[in-house]
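Chemist: Structure incoming, see below.
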Amino acid sequence: MERSTVVMARRLYELQQTELGVQRHQQALKDVRARLQDTGERDKARAQADATRRDYEKLRADLRDTELAGQQLAQHVKEIEQRLYSGRNTNPKELVSLQEDLKMVQRQRGESETRALELMTQAEAAENAATRAQGLARQAEASWEEQRQQLLKEQSVVEEELRLLQQQETSALATFQGQELALYQSLKKVRGGVAVAKVERGICRVCGIAVPSHDAQRARSNPGLVRCNSCGRILYVA
Ligand SMILES: [Zn+2]
């Protein structure tokens, strides 16, 4: 009889440890899955690389447009000069007007060249920034991939451990009699998931209150389960 009481308390205690293990593993699995979803760092780096690439391409396009406009202005200058200096045009009014046109178009051409130089400098800086951002995005991608492989490994380990614990839990549950299990389950509900308390050095390890020695004695030898005076949990004297 003495043996069966201690054995019952111990088996309930082991069931409890298994169930706590199941909970811990379920939580760990949830965490790992959440981390597998969290691609924030990688996405940020990639978005940054895409944005700097677009900036660079925009500047290149502006530069092409500006250079094209510059060529047209140069052509225009040439045409006006031909008309001015061909000697065919002798009307002074028209010559003055052509000279004014020439000045205006030359000024526009100068402005266009200045703008093209500015754009060239900006495009060069933007290209460097885009190359840098691209490198960072590749690094982020690689480090995420490494992390992902690690997490997948972790996930499969936790899944396997959880599967074994759940098997243990199921087969343990099947070996209990209705009464003990009912007490265990109801205590679990009202005592924060912990129904069985280990007694060590005469103290209930869950509530921390000393267990009277006659209770500890009963927990070893009584035919039924003995409960903590203070917290009401089933006592298990190892
Ligand atoms: Zn207690």
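As shown in the structure tokens, the chain order sets the letters A, B, ...; within each chain, residues go from 1, and ligands are also counted from 1 in the order they appear.
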Among region 194-223 of chain A, which residues carry a DSSP assignment of helix (DSSP H, G or I), reported as a PyMOL selection string?

Modeler: chain A and resi 213-221

Chemist: Could you write out that same residue set with N, CA and C atoms as a short mmCIF file (atom, residue, chain, number, x, y, z; two decimals), in the first residue's frame?

Modeler:
data_model
loop_
_atom_site.label_atom_id
_atom_site.label_comp_id
_atom_site.auth_asym_id
_atom_site.auth_seq_id
_atom_site.Cartn_x
_atom_site.Cartn_y
_atom_site.Cartn_z
N SER A 213 5.36 17.29 9.45
CA SER A 213 6.02 16.00 9.24
C SER A 213 5.04 14.84 9.19
N HIS A 214 3.91 14.97 9.91
CA HIS A 214 2.97 13.85 9.84
C HIS A 214 2.30 13.78 8.46
N ASP A 215 2.14 14.95 7.80
CA ASP A 215 1.60 14.93 6.43
C ASP A 215 2.62 14.31 5.47
N ALA A 216 3.87 14.68 5.66
CA ALA A 216 4.92 14.12 4.80
C ALA A 216 4.96 12.61 4.99
N GLN A 217 4.81 12.18 6.22
CA GLN A 217 4.78 10.76 6.54
C GLN A 217 3.59 10.09 5.84
N ARG A 218 2.42 10.75 5.94
CA ARG A 218 1.21 10.21 5.30
C ARG A 218 1.39 10.14 3.78
N ALA A 219 2.06 11.16 3.24
CA ALA A 219 2.26 11.18 1.79
C ALA A 219 3.12 10.01 1.33
N ARG A 220 3.91 9.50 2.28
CA ARG A 220 4.74 8.33 1.93
C ARG A 220 3.98 7.04 2.12
N SER A 221 3.08 7.03 3.12
CA SER A 221 2.54 5.73 3.51
C SER A 221 1.03 5.60 3.42
#

Chemist: Write out as a list in words all residues of region 2-232 of chain A that DSSP puts in strand (DSSP E or B) for this structure's backbone.

Modeler: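 Taking region 2-232 of chain A and keeping strand (DSSP E or B) only, one gets Val196, Ala197, Lys198, Val199, Glu200, Ile203, Cys204, Ala210 and Arg227 of chain A.
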
Chemist: Can those selected residues be exported to a file as a PDB file, in the first residue's frame so that it contains C-alpha atoms?

Modeler:
ATOM      1  CA  VAL A 196       1.241  18.158  -7.969  1.00  0.00           C
ATOM      2  CA  ALA A 197       3.876  19.664  -5.675  1.00  0.00           C
ATOM      3  CA  LYS A 198       7.172  18.043  -4.862  1.00  0.00           C
ATOM      4  CA  VAL A 199       8.167  18.037  -1.190  1.00  0.00           C
ATOM      5  CA  GLU A 200      11.825  18.735  -0.646  1.00  0.00           C
ATOM      6  CA  ILE A 203       8.811  22.145   2.135  1.00  0.00           C
ATOM      7  CA  CYS A 204       6.115  22.232  -0.556  1.00  0.00           C
ATOM      8  CA  ALA A 210       6.588  23.774   5.349  1.00  0.00           C
ATOM      9  CA  ARG A 227      -2.572  17.267  -0.247  1.00  0.00           C
TER      10      ARG A 227
END

Chemist: Restrict the calculation to only C-alpha atoms and all ligand atoms, then for each residue of chain A with any atom at most 7 Å from an atom of ligand 1 give the closest atom pair and their distance in Å to one decimal, rows by chain and rising residue number, as a Markdown table.

Modeler:
| residue | atom | partner | partner_atom_place_in_ligand_line | distance |
| --- | --- | --- | --- | --- |
| A:Ala197 | CA | ligand 1 | 1 (Zn) | 6.5 |
| A:Cys204 | CA | ligand 1 | 1 (Zn) | 4.7 |
| A:Arg205 | CA | ligand 1 | 1 (Zn) | 6.9 |
| A:Val206 | CA | ligand 1 | 1 (Zn) | 5.5 |
| A:Cys207 | CA | ligand 1 | 1 (Zn) | 4.3 |
| A:Gly208 | CA | ligand 1 | 1 (Zn) | 6.4 |
| A:Ile209 | CA | ligand 1 | 1 (Zn) | 6.0 |
| A:Cys228 | CA | ligand 1 | 1 (Zn) | 4.7 |
| A:Asn229 | CA | ligand 1 | 1 (Zn) | 6.6 |
| A:Ser230 | CA | ligand 1 | 1 (Zn) | 5.1 |
| A:Cys231 | CA | ligand 1 | 1 (Zn) | 4.1 |
| A:Gly232 | CA | ligand 1 | 1 (Zn) | 6.1 |
| A:Arg233 | CA | ligand 1 | 1 (Zn) | 5.9 |

Chemist: Find the residues near Lys188 (chain A): any atom within 12 Å, counting only C-alpha atoms, skip ones fewer than 2 places away on the same chain, and give them as a PyMOL selection string.

Modeler: chain A and resi 12-13+15-16+19-20+181-186+190-197+231-234

Chemist: Keeping only N, CA and C atoms, write the selected residues to a file as a tab-separated table (two decimals), in the first residue's frame.

Modeler:
chain	number	residue	atom	x	y	z
A	12	LEU	N	1.62	10.94	-11.18
A	12	LEU	CA	0.89	12.19	-11.47
A	12	LEU	C	1.87	13.34	-11.69
A	13	TYR	N	2.92	13.32	-10.87
A	13	TYR	CA	3.95	14.36	-11.01
A	13	TYR	C	4.61	14.27	-12.39
A	15	LEU	N	3.30	12.97	-15.06
A	15	LEU	CA	2.30	13.41	-16.06
A	15	LEU	C	2.31	14.94	-16.16
A	16	GLN	N	2.36	15.55	-14.98
A	16	GLN	CA	2.38	17.02	-14.95
A	16	GLN	C	3.60	17.57	-15.67
A	19	GLU	N	3.06	17.28	-19.31
A	19	GLU	CA	2.11	18.27	-19.83
A	19	GLU	C	2.72	19.66	-19.88
A	20	LEU	N	3.54	19.97	-18.87
A	20	LEU	CA	4.22	21.28	-18.90
A	20	LEU	C	5.19	21.33	-20.08
A	181	LEU	N	-7.36	10.99	-11.58
A	181	LEU	CA	-7.23	11.88	-12.73
A	181	LEU	C	-8.19	13.07	-12.59
A	182	ALA	N	-9.38	12.81	-12.08
A	182	ALA	CA	-10.36	13.89	-11.90
A	182	ALA	C	-9.83	14.92	-10.91
A	183	LEU	N	-9.24	14.42	-9.80
A	183	LEU	CA	-8.66	15.34	-8.81
A	183	LEU	C	-7.53	16.14	-9.43
A	184	TYR	N	-6.68	15.43	-10.15
A	184	TYR	CA	-5.54	16.07	-10.81
A	184	TYR	C	-6.00	17.17	-11.77
A	185	GLN	N	-6.98	16.82	-12.61
A	185	GLN	CA	-7.45	17.78	-13.62
A	185	GLN	C	-8.10	19.01	-12.96
A	186	SER	N	-8.88	18.77	-11.91
A	186	SER	CA	-9.58	19.91	-11.32
A	186	SER	C	-8.59	20.81	-10.57
A	190	VAL	N	-7.65	24.99	-11.15
A	190	VAL	CA	-7.73	26.08	-10.17
A	190	VAL	C	-6.37	26.48	-9.61
A	191	ARG	N	-5.32	25.71	-9.92
A	191	ARG	CA	-4.01	26.02	-9.35
A	191	ARG	C	-2.97	26.35	-10.43
A	192	GLY	N	-3.41	27.12	-11.41
A	192	GLY	CA	-2.48	27.62	-12.43
A	192	GLY	C	-1.75	26.52	-13.19
A	193	GLY	N	-2.43	25.40	-13.44
A	193	GLY	CA	-1.84	24.34	-14.25
A	193	GLY	C	-0.90	23.42	-13.49
A	194	VAL	N	-0.71	23.68	-12.19
A	194	VAL	CA	0.21	22.84	-11.40
A	194	VAL	C	-0.58	22.15	-10.29
A	195	ALA	N	-0.80	20.84	-10.45
A	195	ALA	CA	-1.65	20.10	-9.50
A	195	ALA	C	-0.83	19.32	-8.49
A	196	VAL	N	0.41	18.99	-8.85
A	196	VAL	CA	1.24	18.16	-7.97
A	196	VAL	C	2.46	18.97	-7.52
A	197	ALA	N	2.73	18.93	-6.21
A	197	ALA	CA	3.88	19.66	-5.67
A	197	ALA	C	4.86	18.68	-5.08
A	231	CYS	N	-1.56	24.97	-0.01
A	231	CYS	CA	-2.02	25.27	-1.38
A	231	CYS	C	-2.99	24.23	-1.93
A	232	GLY	N	-3.14	23.11	-1.23
A	232	GLY	CA	-4.12	22.10	-1.64
A	232	GLY	C	-3.64	21.16	-2.73
A	233	ARG	N	-2.39	21.33	-3.16
A	233	ARG	CA	-1.91	20.47	-4.24
A	233	ARG	C	-1.56	19.08	-3.71
A	234	ILE	N	-1.55	18.10	-4.65
A	234	ILE	CA	-1.17	16.73	-4.30
A	234	ILE	C	0.32	16.73	-3.97

Chemist: List the neighbours of Ala34 (chain A) out to 12 Å using only C-alpha atoms; skip same-chain residues closer than 5 positions along the sequence, and give me the result as a VMD selection string.

Modeler: chain A and resid 27 to 29 39 to 40 148 151 to 152 155

Chemist: Could those residues be written to a file, using N, CA and C atoms, as a PDB file, in the first residue's frame?

Modeler:
ATOM      1  N   GLN A  27       4.570  26.469 -27.180  1.00  0.00           N
ATOM      2  CA  GLN A  27       4.936  27.890 -27.196  1.00  0.00           C
ATOM      3  C   GLN A  27       6.188  28.106 -28.060  1.00  0.00           C
ATOM      4  N   ALA A  28       7.162  27.223 -27.872  1.00  0.00           N
ATOM      5  CA  ALA A  28       8.413  27.345 -28.632  1.00  0.00           C
ATOM      6  C   ALA A  28       8.138  27.229 -30.139  1.00  0.00           C
ATOM      7  N   LEU A  29       7.239  26.330 -30.485  1.00  0.00           N
ATOM      8  CA  LEU A  29       6.881  26.138 -31.891  1.00  0.00           C
ATOM      9  C   LEU A  29       6.222  27.393 -32.461  1.00  0.00           C
ATOM     10  N   THR A  39      10.236  38.531 -41.967  1.00  0.00           N
ATOM     11  CA  THR A  39      11.275  38.802 -42.960  1.00  0.00           C
ATOM     12  C   THR A  39      11.555  40.305 -43.054  1.00  0.00           C
ATOM     13  N   GLY A  40      11.197  41.039 -42.005  1.00  0.00           N
ATOM     14  CA  GLY A  40      11.277  42.500 -42.001  1.00  0.00           C
ATOM     15  C   GLY A  40      12.613  43.073 -42.409  1.00  0.00           C
ATOM     16  N   ARG A 148      16.998  31.359 -41.585  1.00  0.00           N
ATOM     17  CA  ARG A 148      15.814  30.568 -41.920  1.00  0.00           C
ATOM     18  C   ARG A 148      16.131  29.069 -41.827  1.00  0.00           C
ATOM     19  N   LEU A 151      16.259  28.154 -38.248  1.00  0.00           N
ATOM     20  CA  LEU A 151      14.914  28.109 -37.667  1.00  0.00           C
ATOM     21  C   LEU A 151      14.160  26.859 -38.126  1.00  0.00           C
ATOM     22  N   LEU A 152      14.369  26.473 -39.383  1.00  0.00           N
ATOM     23  CA  LEU A 152      13.688  25.271 -39.881  1.00  0.00           C
ATOM     24  C   LEU A 152      14.175  24.034 -39.144  1.00  0.00           C
ATOM     25  N   GLN A 155      12.711  24.170 -35.749  1.00  0.00           N
ATOM     26  CA  GLN A 155      11.298  23.813 -35.826  1.00  0.00           C
ATOM     27  C   GLN A 155      11.104  22.300 -35.881  1.00  0.00           C
TER      28      GLN A 155
END

Chemist: Env of Asp101 (chain A): 12 Å cut, atoms = only C-alpha atoms, seq-sep filter 3 positions within chain, self excluded. Answer as a PyMOL selection string.

Modeler: chain A and resi 73+76-81+83-84+94-98+104-108

Chemist: Pick out the residues sitting within 6 Å of region 47-53 of chain A, and hand them over as number ranges by chain; count only C-alpha atoms, and ignore anything fewer than 3 positions along from it in its own chain.

Modeler: A: 44, 56, 130, 133-134

Chemist: Write out, as a PDB file, in the first residue's frame, the residues just selected, with C-alpha atoms.

Modeler:
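Written file, again-v4.pdb:
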ATOM      1  CA  LYS A  44      13.649  46.570 -45.688  1.00  0.00           C
ATOM      2  CA  TYR A  56      19.601  56.324 -60.154  1.00  0.00           C
ATOM      3  CA  ALA A 130      22.519  51.955 -55.434  1.00  0.00           C
ATOM      4  CA  ALA A 133      22.339  49.279 -51.125  1.00  0.00           C
ATOM      5  CA  GLN A 134      22.364  46.322 -53.486  1.00  0.00           C
TER       6      GLN A 134
END

Chemist: Name the residues in contact with region 60-64 of chain A at a cut-off of 8 Å, using only C-alpha atoms, excluding same-chain residues fewer than 2 positions from it; report them as a PyMOL selection string.

Modeler: chain A and resi 56-58+66-68+116+119-120+123

Chemist: What would the file look like if the residues just selected were written as an mmCIF file, in the first residue's frame with N, CA and C atoms?

Modeler:
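Here's the written file out34.cif:
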data_model
loop_
_atom_site.group_PDB
_atom_site.id
_atom_site.type_symbol
_atom_site.label_atom_id
_atom_site.label_comp_id
_atom_site.auth_asym_id
_atom_site.auth_seq_id
_atom_site.Cartn_x
_atom_site.Cartn_y
_atom_site.Cartn_z
ATOM 1 N N TYR A 56 18.515 56.285 -59.180
ATOM 2 C CA TYR A 56 19.601 56.324 -60.154
ATOM 3 C C TYR A 56 19.048 56.325 -61.583
ATOM 4 N N GLU A 57 18.073 55.458 -61.847
ATOM 5 C CA GLU A 57 17.515 55.364 -63.199
ATOM 6 C C GLU A 57 16.801 56.652 -63.614
ATOM 7 N N LYS A 58 16.142 57.268 -62.636
ATOM 8 C CA LYS A 58 15.468 58.547 -62.897
ATOM 9 C C LYS A 58 16.486 59.608 -63.302
ATOM 10 N N THR A 66 18.341 65.751 -70.959
ATOM 11 C CA THR A 66 19.075 67.023 -70.958
ATOM 12 C C THR A 66 20.134 67.038 -72.058
ATOM 13 N N GLU A 67 20.822 65.922 -72.250
ATOM 14 C CA GLU A 67 21.853 65.851 -73.288
ATOM 15 C C GLU A 67 21.241 65.975 -74.692
ATOM 16 N N LEU A 68 20.082 65.336 -74.846
ATOM 17 C CA LEU A 68 19.377 65.418 -76.125
ATOM 18 C C LEU A 68 18.970 66.868 -76.417
ATOM 19 N N ALA A 116 23.426 69.377 -67.287
ATOM 20 C CA ALA A 116 23.898 68.024 -67.613
ATOM 21 C C ALA A 116 25.051 67.628 -66.696
ATOM 22 N N LEU A 119 23.636 66.838 -63.289
ATOM 23 C CA LEU A 119 22.971 65.525 -63.321
ATOM 24 C C LEU A 119 23.981 64.380 -63.363
ATOM 25 N N MET A 120 25.073 64.600 -64.070
ATOM 26 C CA MET A 120 26.112 63.576 -64.158
ATOM 27 C C MET A 120 26.690 63.287 -62.778
ATOM 28 N N ALA A 123 24.049 61.551 -60.727
ATOM 29 C CA ALA A 123 23.835 60.174 -61.170
ATOM 30 C C ALA A 123 24.965 59.269 -60.688
#

Chemist: With distances taken over only C-alpha atoms, which of A:Leu59, A:Ala69, A:Ala9, A:Leu162 is nearest to Thr121 (chain A)?

Modeler: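 Nearest candidate to Thr121 (chain A) out of A:Leu59, A:Ala69, A:Ala9, A:Leu162: A:Leu59.
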